[in-house]
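Source file: model10.txt; contents: compact mmCIF, C-alpha atoms.
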# COMPACT_ATOMS: atom_id res chain seq x y z
CA MET A 1 -1.09 6.62 8.39
CA ILE A 2 0.83 4.99 11.27
CA ARG A 3 3.76 6.43 13.17
CA VAL A 4 5.81 4.53 15.73
CA GLN A 5 7.65 6.92 18.03
CA ASP A 6 10.59 5.99 20.24
CA LEU A 7 9.21 2.63 21.42
CA THR A 8 11.23 1.17 24.29
CA LYS A 9 10.70 -2.05 26.21
CA SER A 10 12.75 -4.10 28.66
CA PHE A 11 11.97 -7.36 30.47
CA GLN A 12 13.07 -8.69 33.83
CA THR A 13 14.93 -12.00 33.74
CA ARG A 14 16.72 -14.09 36.33
CA THR A 15 19.98 -12.39 35.42
CA GLY A 16 18.59 -8.85 35.32
CA ARG A 17 16.69 -6.59 32.97
CA ILE A 18 17.12 -7.04 29.23
CA ALA A 19 16.43 -4.18 26.81
CA ALA A 20 14.42 -5.80 24.00
CA VAL A 21 13.54 -2.58 22.15
CA ARG A 22 15.56 0.61 22.47
CA GLY A 23 13.93 3.66 20.95
CA ILE A 24 12.53 2.31 17.68
CA SER A 25 10.78 4.81 15.39
CA PHE A 26 9.37 4.51 11.87
CA GLU A 27 6.37 5.47 9.74
CA VAL A 28 4.19 3.63 7.25
CA GLN A 29 2.19 5.76 4.85
CA ALA A 30 -1.17 4.89 3.33
CA GLY A 31 -0.65 2.57 0.36
CA GLU A 32 2.86 1.61 1.46
CA VAL A 33 4.43 -1.70 2.53
CA LEU A 34 7.26 -1.45 5.06
CA ALA A 35 9.34 -4.61 5.60
CA PHE A 36 10.51 -4.67 9.21
CA LEU A 37 13.49 -7.03 9.32
CA GLY A 38 16.16 -8.18 11.74
CA PRO A 39 17.90 -11.25 13.18
CA ASN A 40 16.28 -13.41 15.85
CA GLY A 41 16.14 -11.52 19.12
CA ALA A 42 16.42 -8.11 17.47
CA GLY A 43 13.11 -6.91 18.93
CA LYS A 44 10.78 -7.31 15.93
CA THR A 45 8.04 -9.32 17.62
CA THR A 46 8.05 -7.13 20.71
CA THR A 47 7.78 -4.05 18.49
CA ILE A 48 4.88 -5.55 16.52
CA LYS A 49 3.03 -6.46 19.71
CA MET A 50 3.53 -2.96 21.12
CA THR A 51 2.34 -1.48 17.83
CA ALA A 52 -0.77 -3.69 17.96
CA GLY A 53 -1.50 -2.64 21.54
CA LEU A 54 -0.83 -6.10 22.99
CA ILE A 55 2.19 -5.03 25.05
CA ARG A 56 2.52 -1.70 26.84
CA PRO A 57 5.82 0.04 26.08
CA ASP A 58 8.04 1.45 28.80
CA GLN A 59 8.34 4.55 26.66
CA GLY A 60 7.10 5.86 23.34
CA ASP A 61 3.81 5.79 21.49
CA VAL A 62 2.04 4.66 18.33
CA LEU A 63 -0.06 7.12 16.33
CA VAL A 64 -2.69 6.27 13.73
CA ASP A 65 -4.01 9.28 11.83
CA GLY A 66 -2.43 11.40 14.53
CA ARG A 67 -4.26 9.72 17.42
CA SER A 68 -2.32 8.16 20.27
CA LEU A 69 -2.44 4.49 21.19
CA ALA A 70 -1.52 5.42 24.75
CA SER A 71 -4.47 7.75 25.25
CA GLN A 72 -7.00 6.38 22.71
CA HIS A 73 -6.22 2.67 22.76
CA ASP A 74 -9.60 1.36 21.55
CA TRP A 75 -9.92 3.90 18.73
CA VAL A 76 -6.41 3.20 17.43
CA THR A 77 -6.54 -0.60 17.67
CA ALA A 78 -9.95 -0.61 15.94
CA ARG A 79 -8.17 0.78 12.87
CA MET A 80 -5.65 -2.02 12.77
CA GLY A 81 -5.82 -5.58 11.53
CA ALA A 82 -3.18 -8.09 12.59
CA VAL A 83 -2.05 -11.51 11.43
CA LEU A 84 0.16 -13.02 14.11
CA GLU A 85 2.53 -15.91 13.52
CA GLY A 86 0.97 -19.31 14.12
CA SER A 87 -2.70 -18.42 13.47
CA ARG A 88 -3.04 -17.24 17.06
CA ASN A 89 -6.04 -15.09 16.21
CA LEU A 90 -8.20 -18.05 15.14
CA TYR A 91 -10.39 -20.41 17.16
CA TRP A 92 -9.62 -23.85 15.82
CA ARG A 93 -12.86 -25.53 16.90
CA LEU A 94 -15.04 -22.93 15.20
CA THR A 95 -15.78 -23.07 11.51
CA VAL A 96 -14.15 -20.65 9.10
CA LEU A 97 -17.35 -18.60 8.81
CA GLU A 98 -17.92 -18.61 12.58
CA ASN A 99 -14.42 -17.25 13.10
CA LEU A 100 -14.97 -14.40 10.66
CA LEU A 101 -18.39 -13.53 12.05
CA TYR A 102 -17.07 -13.63 15.62
CA TRP A 103 -14.22 -11.25 14.84
CA GLY A 104 -16.55 -9.08 12.79
CA ALA A 105 -18.81 -8.76 15.83
CA MET A 106 -15.79 -7.96 18.01
CA ARG A 107 -15.03 -5.11 15.61
CA ARG A 108 -18.70 -4.02 15.65
CA VAL A 109 -19.41 -4.90 12.03
CA PRO A 110 -23.22 -5.30 11.63
CA GLY A 111 -24.36 -8.89 11.11
CA ARG A 112 -25.58 -8.65 7.52
CA LEU A 113 -22.52 -6.65 6.45
CA ALA A 114 -20.25 -9.10 8.28
CA ARG A 115 -21.71 -12.05 6.36
CA GLU A 116 -21.31 -10.17 3.08
CA ARG A 117 -17.70 -9.29 3.83
CA ALA A 118 -16.92 -12.81 5.00
CA SER A 119 -18.28 -14.29 1.77
CA ASN A 120 -16.36 -11.79 -0.37
CA LEU A 121 -13.11 -12.39 1.48
CA LEU A 122 -13.42 -16.17 1.37
CA ARG A 123 -14.23 -16.02 -2.32
CA ARG A 124 -11.15 -13.87 -2.84
CA VAL A 125 -8.87 -16.49 -1.25
CA ASP A 126 -10.72 -19.42 -2.83
CA LEU A 127 -12.06 -20.75 0.48
CA LEU A 128 -15.79 -20.15 0.13
CA THR A 129 -16.42 -23.88 -0.18
CA ARG A 130 -14.62 -24.36 3.15
CA ALA A 131 -16.76 -21.85 5.05
CA HIS A 132 -18.36 -24.53 7.23
CA ASN A 133 -15.20 -26.53 7.90
CA THR A 134 -13.60 -26.14 11.32
CA VAL A 135 -10.29 -24.31 11.23
CA GLN A 136 -8.44 -27.27 12.77
CA THR A 137 -9.22 -29.39 9.69
CA LEU A 138 -7.62 -26.93 7.27
CA SER A 139 -4.09 -26.99 5.92
CA ARG A 140 -1.51 -24.51 7.20
CA GLY A 141 -1.90 -22.40 4.07
CA MET A 142 -5.68 -22.31 4.37
CA GLN A 143 -5.46 -21.32 8.03
CA GLN A 144 -3.19 -18.44 7.15
CA LYS A 145 -5.64 -17.27 4.50
CA VAL A 146 -8.46 -17.37 7.07
CA ALA A 147 -6.29 -15.39 9.51
CA LEU A 148 -5.78 -12.72 6.86
CA CYS A 149 -9.52 -12.62 6.12
CA GLN A 150 -10.22 -12.25 9.84
CA ALA A 151 -7.85 -9.28 10.04
CA LEU A 152 -9.67 -7.61 7.15
CA MET A 153 -13.25 -8.04 8.37
CA HIS A 154 -13.47 -4.43 9.59
CA GLU A 155 -11.53 -3.05 6.59
CA PRO A 156 -8.72 -1.54 8.66
CA PRO A 157 -6.52 1.18 7.15
CA VAL A 158 -3.47 -0.38 8.88
CA LEU A 159 -2.46 -4.05 8.56
CA LEU A 160 0.25 -5.73 10.68
CA LEU A 161 1.60 -8.96 9.18
CA ASP A 162 3.94 -11.16 11.24
CA GLU A 163 5.37 -13.94 9.04
CA PRO A 164 2.25 -14.20 6.83
CA THR A 165 3.78 -16.71 4.38
CA LEU A 166 5.96 -18.77 6.72
CA GLY A 167 5.69 -22.49 5.97
CA LEU A 168 3.23 -22.06 3.11
CA ASP A 169 3.36 -23.78 -0.25
CA TYR A 170 4.02 -21.76 -3.38
CA GLU A 171 0.38 -21.36 -4.38
CA SER A 172 -0.76 -20.19 -0.93
CA SER A 173 2.19 -17.84 -0.64
CA GLU A 174 1.45 -16.29 -4.04
CA SER A 175 -2.21 -15.84 -3.07
CA ILE A 176 -1.34 -13.95 0.11
CA LYS A 177 1.28 -11.84 -1.68
CA GLY A 178 -1.34 -10.90 -4.24
CA MET A 179 -3.74 -9.79 -1.53
CA VAL A 180 -1.05 -7.69 0.15
CA ARG A 181 -0.30 -5.96 -3.15
CA ASP A 182 -3.98 -5.25 -3.77
CA LEU A 183 -4.48 -3.90 -0.25
CA ALA A 184 -1.53 -1.54 -0.56
CA GLN A 185 -2.69 -0.35 -3.97
CA ASN A 186 -6.06 0.45 -2.40
CA GLY A 187 -4.47 2.58 0.32
CA THR A 188 -3.80 0.20 3.22
CA ALA A 189 -0.62 0.83 5.24
CA VAL A 190 1.11 -2.55 5.67
CA LEU A 191 3.80 -3.38 8.23
CA LEU A 192 5.40 -6.70 7.30
CA THR A 193 7.86 -8.93 9.14
CA THR A 194 9.17 -12.03 7.39
CA HIS A 195 12.06 -14.49 7.35
CA GLN A 196 11.73 -14.67 3.58
CA LEU A 197 13.84 -11.81 2.27
CA ASP A 198 12.92 -12.44 -1.35
CA ILE A 199 9.26 -11.83 -0.46
CA ALA A 200 10.18 -8.69 1.48
CA GLN A 201 12.12 -7.42 -1.53
CA GLU A 202 9.24 -8.20 -3.84
CA LEU A 203 6.52 -6.53 -1.75
CA ALA A 204 8.14 -3.73 0.23
CA ASP A 205 8.30 -0.11 -0.84
CA ARG A 206 10.61 0.55 2.09
CA VAL A 207 12.68 -1.55 4.47
CA ALA A 208 13.77 -1.04 8.07
CA ILE A 209 16.40 -3.37 9.52
CA VAL A 210 16.71 -3.67 13.29
CA ARG A 211 19.57 -5.01 15.37
CA ASP A 212 19.82 -5.14 19.16
CA GLY A 213 16.50 -3.35 19.55
CA GLN A 214 17.37 -0.40 17.31
CA VAL A 215 16.76 0.54 13.68
CA VAL A 216 20.16 0.44 11.95
CA LEU A 217 19.03 0.93 8.34
CA GLU A 218 15.90 2.40 6.80
CA GLY A 219 15.06 3.58 3.31
CA GLN A 220 13.30 3.01 0.03
CA THR A 221 13.91 -0.57 -1.08
CA ALA A 222 15.31 0.39 -4.48
CA ALA A 223 17.63 3.01 -2.96
CA VAL A 224 18.90 0.57 -0.33
CA LEU A 225 19.66 -2.06 -2.98
CA ASP A 226 21.47 0.50 -5.14
CA ARG A 227 23.50 1.65 -2.16
CA PHE A 228 24.82 -1.85 -1.51
CA SER A 229 25.37 -2.83 -5.14
CA ARG A 230 28.94 -3.06 -6.44
CA PRO A 231 30.36 -2.06 -9.87
CA LEU A 232 30.53 -5.73 -10.81
CA VAL A 233 29.61 -7.21 -14.20
CA GLN A 234 28.67 -10.85 -14.64
CA ILE A 235 29.28 -12.47 -18.03
CA VAL A 236 27.49 -15.73 -18.75
CA ALA A 237 28.45 -17.84 -21.78
CA ALA A 238 25.97 -19.79 -23.87
CA GLU A 239 28.26 -22.84 -23.53
CA PRO A 240 31.27 -23.74 -21.34
CA TRP A 241 34.33 -21.50 -21.66
CA PRO A 242 37.02 -22.59 -24.16
CA ALA A 243 40.27 -24.17 -23.01
CA ASP A 244 42.23 -20.97 -23.71
CA LEU A 245 40.06 -18.81 -21.40
CA GLU A 246 42.98 -18.03 -19.09
CA ARG A 247 44.94 -16.54 -21.99
CA ARG A 248 41.97 -14.47 -23.16
CA ILE A 249 41.26 -12.90 -19.76
CA TYR A 250 44.91 -12.34 -18.76
CA GLY A 251 45.41 -8.82 -17.41
CA PHE A 252 41.76 -8.21 -16.56
CA PRO A 253 40.36 -8.01 -13.00
CA VAL A 254 38.26 -11.10 -13.59
CA THR A 255 37.13 -13.98 -11.39
CA VAL A 256 35.95 -17.20 -13.03
CA THR A 257 32.92 -18.26 -10.98
CA GLY A 258 31.75 -21.28 -12.96
CA PRO A 259 32.27 -23.31 -16.12
CA ASP A 260 30.26 -20.74 -18.07
CA THR A 261 30.39 -17.61 -15.89
CA LEU A 262 32.89 -14.99 -14.85
CA GLU A 263 32.79 -11.65 -13.04
CA LEU A 264 34.57 -8.45 -13.99
CA LEU A 265 35.36 -5.59 -11.62
CA PRO A 266 35.86 -2.76 -14.16
CA GLY A 267 37.58 -0.36 -11.76
CA ASP A 268 38.72 3.01 -13.07
CA ARG A 269 38.53 1.89 -16.71
CA GLY A 270 34.78 1.36 -16.43
CA GLU A 271 33.07 0.64 -19.75
CA GLN A 272 36.39 0.45 -21.60
CA ALA A 273 37.44 -2.57 -19.53
CA LEU A 274 34.15 -4.31 -20.23
CA TYR A 275 34.27 -3.71 -23.98
CA ALA A 276 37.91 -4.79 -24.16
CA LEU A 277 37.15 -8.02 -22.32
CA LEU A 278 34.14 -8.79 -24.53
CA ALA A 279 36.39 -8.32 -27.58
CA ARG A 280 38.88 -10.79 -26.09
CA LEU A 281 36.13 -13.36 -25.55
CA GLU A 282 34.94 -13.26 -29.18
CA PRO A 283 33.79 -15.30 -30.99
CA HIS A 284 32.70 -17.44 -28.03
CA PRO A 285 28.87 -17.18 -27.78
CA LEU A 286 27.51 -15.28 -24.76
CA ALA A 287 24.11 -15.74 -23.10
CA ARG A 288 24.01 -12.48 -21.17
CA VAL A 289 26.04 -9.64 -19.70
CA GLU A 290 24.57 -7.93 -16.64
CA ARG A 291 25.65 -5.58 -13.90
CA HIS A 292 25.53 -6.85 -10.33
CA GLN A 293 22.51 -5.72 -8.34
CA ALA A 294 22.48 -6.42 -4.61
CA ASP A 295 19.47 -8.27 -3.25
CA LEU A 296 17.94 -7.81 0.17
CA ALA A 297 19.62 -10.96 1.50
CA GLU A 298 23.06 -9.47 0.73
CA VAL A 299 22.10 -6.18 2.33
CA PHE A 300 20.76 -7.93 5.41
CA LEU A 301 23.91 -10.02 5.80
CA GLU A 302 26.16 -6.99 5.51
CA VAL A 303 24.11 -4.88 7.93
CA VAL A 304 23.53 -7.42 10.70
CA GLY A 305 26.52 -9.70 10.10
CA THR A 306 24.63 -12.96 10.50
CA ARG A 307 22.78 -15.57 8.46
CA SER A 308 20.36 -16.39 11.26
CA GLY A 309 16.69 -15.71 10.50
CA THR A 310 15.04 -12.33 10.39
Please render this file's structure as structure tokens.
Amino acid sequence: MIRVQDLTKSFQTRTGRIAAVRGISFEVQAGEVLAFLGPNGAGKTTTIKMTAGLIRPDQGDVLVDGRSLASQHDWVTARMGAVLEGSRNLYWRLTVLENLLYWGAMRRVPGRLARERASNLLRRVDLLTRAHNTVQTLSRGMQQKVALCQALMHEPPVLLLDEPTLGLDYESSESIKGMVRDLAQNGTAVLLTTHQLDIAQELADRVAIVRDGQVVLEGQTAAVLDRFSRPLVQIVAAEPWPADLERRIYGFPVTVTGPDTLELLPGDRGEQALYALLARLEPHPLARVERHQADLAEVFLEVVGTRSGT
């Protein structure tokens, strides 16, 4: 659906030119969510703005259905919807409905159809009763819902989401996540950037991590998590470990991580080590035994080597 090819962008500063994006390429297929992640300053926002046609790249192109943004700018951007961080695509002194109708007109949606779509979208995000409120009177979560509705007024096949749930309460965040899932299931290609790695892991079919203006890791989310998982087993007791725990676990590659938890690195003995340890722990009651599965936060930390935001 959308293909980003070798995007490159540098900016002139007082100390010289800085390369913000250095040859970034990726694809997002119809019905797919790609989480585009990276530390602050990695080039994510610049890439999103180039993809949306807001910044002209020094090199590279963006293709939607095979058509070039460089040569067919209006056609390509008309097939995109974008939610930028900070509700920048909303007019705060207009009402919710006026915003949607304005952007519908900008996207050449006929008046009657625009009103129908606006009503349906607002009903979907539980804001129909707020249609005649000005945007500036709404909460942050409501504004973000309106921004998403605005981006969907022309039913674009490609949706660009820059921090769509940042600063939202749980209910608003869940509502937007639900809409993203529904859109992807109905064939929309979604490019998502977010600081919230748990949300990225929950929504994304694939992830691309950028560092210093380049993609350093890309793949199916499940495959990436498996790749970074370790052969570690966590054992959680139903009550605190007994006083003689040290004697029971002697000789095993075990780390006690809490009053009721420990971790085993089976090594070459594999399942035999696990079963032998469980036998040693009997009859102490256990709550669960589970293999370690990396999460996206662990992967991100290992790949970019920082805990600063994405």
Can you pull out the residues contacting Ser173 in chain A? Cut-off 12 Å, using only C-alpha atoms, and skip same-chain residues under 6 positions away; I want them as a list of chain:residue names. A:Val125, A:Arg140, A:Gly141, A:Met142, A:Gln144, A:Lys145, A:Glu163, A:Pro164, A:Thr165, A:Leu166, A:Gly167, A:Met179, A:Val180, A:Gln196, A:Ile199
Since we have the selection now, will you write its residues out, keeping C-alpha atoms, as a compact mmCIF listing (two decimals), keeping the file's coordinate frame?
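out-v8.txt, freshly written:
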# COMPACT_ATOMS: atom_id res chain seq x y z
CA VAL A 125 -8.87 -16.49 -1.25
CA ARG A 140 -1.51 -24.51 7.20
CA GLY A 141 -1.90 -22.40 4.07
CA MET A 142 -5.68 -22.31 4.37
CA GLN A 144 -3.19 -18.44 7.15
CA LYS A 145 -5.64 -17.27 4.50
CA GLU A 163 5.37 -13.94 9.04
CA PRO A 164 2.25 -14.20 6.83
CA THR A 165 3.78 -16.71 4.38
CA LEU A 166 5.96 -18.77 6.72
CA GLY A 167 5.69 -22.49 5.97
CA MET A 179 -3.74 -9.79 -1.53
CA VAL A 180 -1.05 -7.69 0.15
CA GLN A 196 11.73 -14.67 3.58
CA ILE A 199 9.26 -11.83 -0.46
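Of the residues listed (A:Trp241, A:Phe300, A:Phe11, A:Phe26), A:Phe300 shows the shortest atom-to-atom separation from His195 in chain A; distances use all atoms listed in the file.
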Select, counting all atoms listed in the file, all protein, DNA and RNA residues no farther than 9 Å from (-7.1, -18.7, 13.1) in file coordinates, and express the selection as a PyMOL selection string. chain A and resi 83+86-92+96+99+135-136+143-148+150
Restricting to all atoms listed in the file, whichever of A:Ile55, A:Val28, A:Leu277, A:Ile176 is closest to Thr8 in chain A is A:Ile55
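Comparing the minimum interatomic distances between Thr221 in chain A and each of A:Thr194, A:Gln201, A:Thr77, A:Asn40, counting all atoms listed in the file, we find that A:Gln201 sits nearest.
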inquiry  = Using all atoms listed in the file, which protein or nucleic acid residues come within 8 Å of Leu101 in chain A? Drop anything in the same chain fewer than 6 positions from it, and give the result as a PyMOL selection string.
reply    = chain A and resi 111+114-115+118
Selected residues written out with C-alpha atoms, as a JSON list (two decimals), in the frame of the given file:
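Final output, saved to out-v3.json:
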[["chain", "number", "residue", "atom", "x", "y", "z"],
["A", 111, "GLY", "CA", -24.36, -8.89, 11.11],
["A", 114, "ALA", "CA", -20.25, -9.10, 8.28],
["A", 115, "ARG", "CA", -21.71, -12.05, 6.36],
["A", 118, "ALA", "CA", -16.92, -12.81, 5.00]]
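The protein and nucleic acid residues lying at most 10 Å from Gln185 in chain A are Ala30, Gly31, Glu32, Val33, Met179, Val180, Arg181 and Ala189 of chain A, with all atoms listed in the file considered and sequence neighbours fewer than 4 positions away removed.
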Name the residues in contact with Gly81 in chain A at a cut-off of 10 Å, using all atoms listed in the file, excluding same-chain residues fewer than 3 positions from it; report them as a PDB file with C-alpha atoms, in the coordinates of the input.
ATOM      1  CA  ALA A  52      -0.770  -3.690  17.960  1.00  0.00           C
ATOM      2  CA  THR A  77      -6.540  -0.600  17.670  1.00  0.00           C
ATOM      3  CA  ALA A  78      -9.950  -0.610  15.940  1.00  0.00           C
ATOM      4  CA  LEU A  84       0.160 -13.020  14.110  1.00  0.00           C
ATOM      5  CA  LEU A 148      -5.780 -12.720   6.860  1.00  0.00           C
ATOM      6  CA  CYS A 149      -9.520 -12.620   6.120  1.00  0.00           C
ATOM      7  CA  GLN A 150     -10.220 -12.250   9.840  1.00  0.00           C
ATOM      8  CA  ALA A 151      -7.850  -9.280  10.040  1.00  0.00           C
ATOM      9  CA  LEU A 152      -9.670  -7.610   7.150  1.00  0.00           C
ATOM     10  CA  MET A 153     -13.250  -8.040   8.370  1.00  0.00           C
ATOM     11  CA  HIS A 154     -13.470  -4.430   9.590  1.00  0.00           C
ATOM     12  CA  GLU A 155     -11.530  -3.050   6.590  1.00  0.00           C
ATOM     13  CA  PRO A 156      -8.720  -1.540   8.660  1.00  0.00           C
ATOM     14  CA  PRO A 157      -6.520   1.180   7.150  1.00  0.00           C
ATOM     15  CA  VAL A 158      -3.470  -0.380   8.880  1.00  0.00           C
ATOM     16  CA  LEU A 159      -2.460  -4.050   8.560  1.00  0.00           C
ATOM     17  CA  LEU A 160       0.250  -5.730  10.680  1.00  0.00           C
ATOM     18  CA  LEU A 161       1.600  -8.960   9.180  1.00  0.00           C
ATOM     19  CA  VAL A 190       1.110  -2.550   5.670  1.00  0.00           C
TER      20      VAL A 190
END
Report task. Name the residues in contact with range 253-270 of chain A at a cut-off of 12 Å, using all atoms listed in the file, excluding same-chain residues fewer than 4 positions from it; report them as a ChimeraX atom specification. Result -> /A:230-243,245-246,248-249,274-278,281,284-292
Output as AutoDock Vina command-line options the centre and edge lengths (Å, one decimal) of the box along x, y and z of the file that holds every listed atom of range 244-257 of chain A after adding 3 Å on each side.
--center_x 39.2 --center_y -14.5 --center_z -17.3 --size_x 18.5 --size_y 19.0 --size_z 18.7
The distance between CA of Arg206 in chain A and CA of Glu218 in chain A is 7.3 Å
Query raised in the report: Please, what distance in Å, to one decimal, runs between CA of Glu85 in chain A and CA of Gly38 in chain A?
Result: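 These two atoms are separated by 15.8 Å.
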Write a file for range 193-210 of chain A of the given structure; include N, CA and C atoms and format it as a PDB file, in the first residue's frame.
ATOM      1  N   THR A 193       3.822   5.883  15.235  1.00  0.00           N
ATOM      2  CA  THR A 193       4.940   6.180  16.126  1.00  0.00           C
ATOM      3  C   THR A 193       4.367   6.410  17.518  1.00  0.00           C
ATOM      4  N   THR A 194       5.082   5.941  18.535  1.00  0.00           N
ATOM      5  CA  THR A 194       4.601   6.098  19.896  1.00  0.00           C
ATOM      6  C   THR A 194       5.745   5.944  20.883  1.00  0.00           C
ATOM      7  N   HIS A 195       5.639   6.671  22.011  1.00  0.00           N
ATOM      8  CA  HIS A 195       6.553   6.482  23.127  1.00  0.00           C
ATOM      9  C   HIS A 195       6.158   5.256  23.951  1.00  0.00           C
ATOM     10  N   GLN A 196       4.935   4.819  23.794  1.00  0.00           N
ATOM     11  CA  GLN A 196       4.386   3.769  24.650  1.00  0.00           C
ATOM     12  C   GLN A 196       4.600   2.403  23.988  1.00  0.00           C
ATOM     13  N   LEU A 197       5.682   1.748  24.394  1.00  0.00           N
ATOM     14  CA  LEU A 197       6.094   0.518  23.731  1.00  0.00           C
ATOM     15  C   LEU A 197       5.113  -0.624  23.966  1.00  0.00           C
ATOM     16  N   ASP A 198       4.400  -0.604  25.079  1.00  0.00           N
ATOM     17  CA  ASP A 198       3.405  -1.648  25.307  1.00  0.00           C
ATOM     18  C   ASP A 198       2.273  -1.539  24.293  1.00  0.00           C
ATOM     19  N   ILE A 199       1.900  -0.304  23.928  1.00  0.00           N
ATOM     20  CA  ILE A 199       0.862  -0.110  22.924  1.00  0.00           C
ATOM     21  C   ILE A 199       1.369  -0.533  21.553  1.00  0.00           C
ATOM     22  N   ALA A 200       2.616  -0.192  21.245  1.00  0.00           N
ATOM     23  CA  ALA A 200       3.205  -0.620  19.974  1.00  0.00           C
ATOM     24  C   ALA A 200       3.210  -2.141  19.873  1.00  0.00           C
ATOM     25  N   GLN A 201       3.587  -2.811  20.957  1.00  0.00           N
ATOM     26  CA  GLN A 201       3.626  -4.268  20.950  1.00  0.00           C
ATOM     27  C   GLN A 201       2.230  -4.859  20.773  1.00  0.00           C
ATOM     28  N   GLU A 202       1.256  -4.211  21.373  1.00  0.00           N
ATOM     29  CA  GLU A 202      -0.115  -4.706  21.307  1.00  0.00           C
ATOM     30  C   GLU A 202      -0.728  -4.539  19.922  1.00  0.00           C
ATOM     31  N   LEU A 203      -0.406  -3.439  19.233  1.00  0.00           N
ATOM     32  CA  LEU A 203      -1.073  -3.116  17.971  1.00  0.00           C
ATOM     33  C   LEU A 203      -0.310  -3.539  16.726  1.00  0.00           C
ATOM     34  N   ALA A 204       1.020  -3.547  16.797  1.00  0.00           N
ATOM     35  CA  ALA A 204       1.821  -3.633  15.577  1.00  0.00           C
ATOM     36  C   ALA A 204       2.004  -5.060  15.071  1.00  0.00           C
ATOM     37  N   ASP A 205       1.784  -5.236  13.777  1.00  0.00           N
ATOM     38  CA  ASP A 205       2.130  -6.496  13.120  1.00  0.00           C
ATOM     39  C   ASP A 205       3.632  -6.575  12.888  1.00  0.00           C
ATOM     40  N   ARG A 206       4.223  -5.415  12.579  1.00  0.00           N
ATOM     41  CA  ARG A 206       5.669  -5.330  12.374  1.00  0.00           C
ATOM     42  C   ARG A 206       6.217  -4.112  13.099  1.00  0.00           C
ATOM     43  N   VAL A 207       7.519  -4.146  13.381  1.00  0.00           N
ATOM     44  CA  VAL A 207       8.186  -3.011  13.999  1.00  0.00           C
ATOM     45  C   VAL A 207       9.419  -2.644  13.189  1.00  0.00           C
ATOM     46  N   ALA A 208       9.721  -1.355  13.171  1.00  0.00           N
ATOM     47  CA  ALA A 208      10.967  -0.854  12.597  1.00  0.00           C
ATOM     48  C   ALA A 208      11.564   0.100  13.618  1.00  0.00           C
ATOM     49  N   ILE A 209      12.794  -0.152  14.032  1.00  0.00           N
ATOM     50  CA  ILE A 209      13.463   0.697  15.011  1.00  0.00           C
ATOM     51  C   ILE A 209      14.558   1.486  14.298  1.00  0.00           C
ATOM     52  N   VAL A 210      14.533   2.810  14.516  1.00  0.00           N
ATOM     53  CA  VAL A 210      15.523   3.669  13.880  1.00  0.00           C
ATOM     54  C   VAL A 210      16.465   4.253  14.928  1.00  0.00           C
TER      55      VAL A 210
END
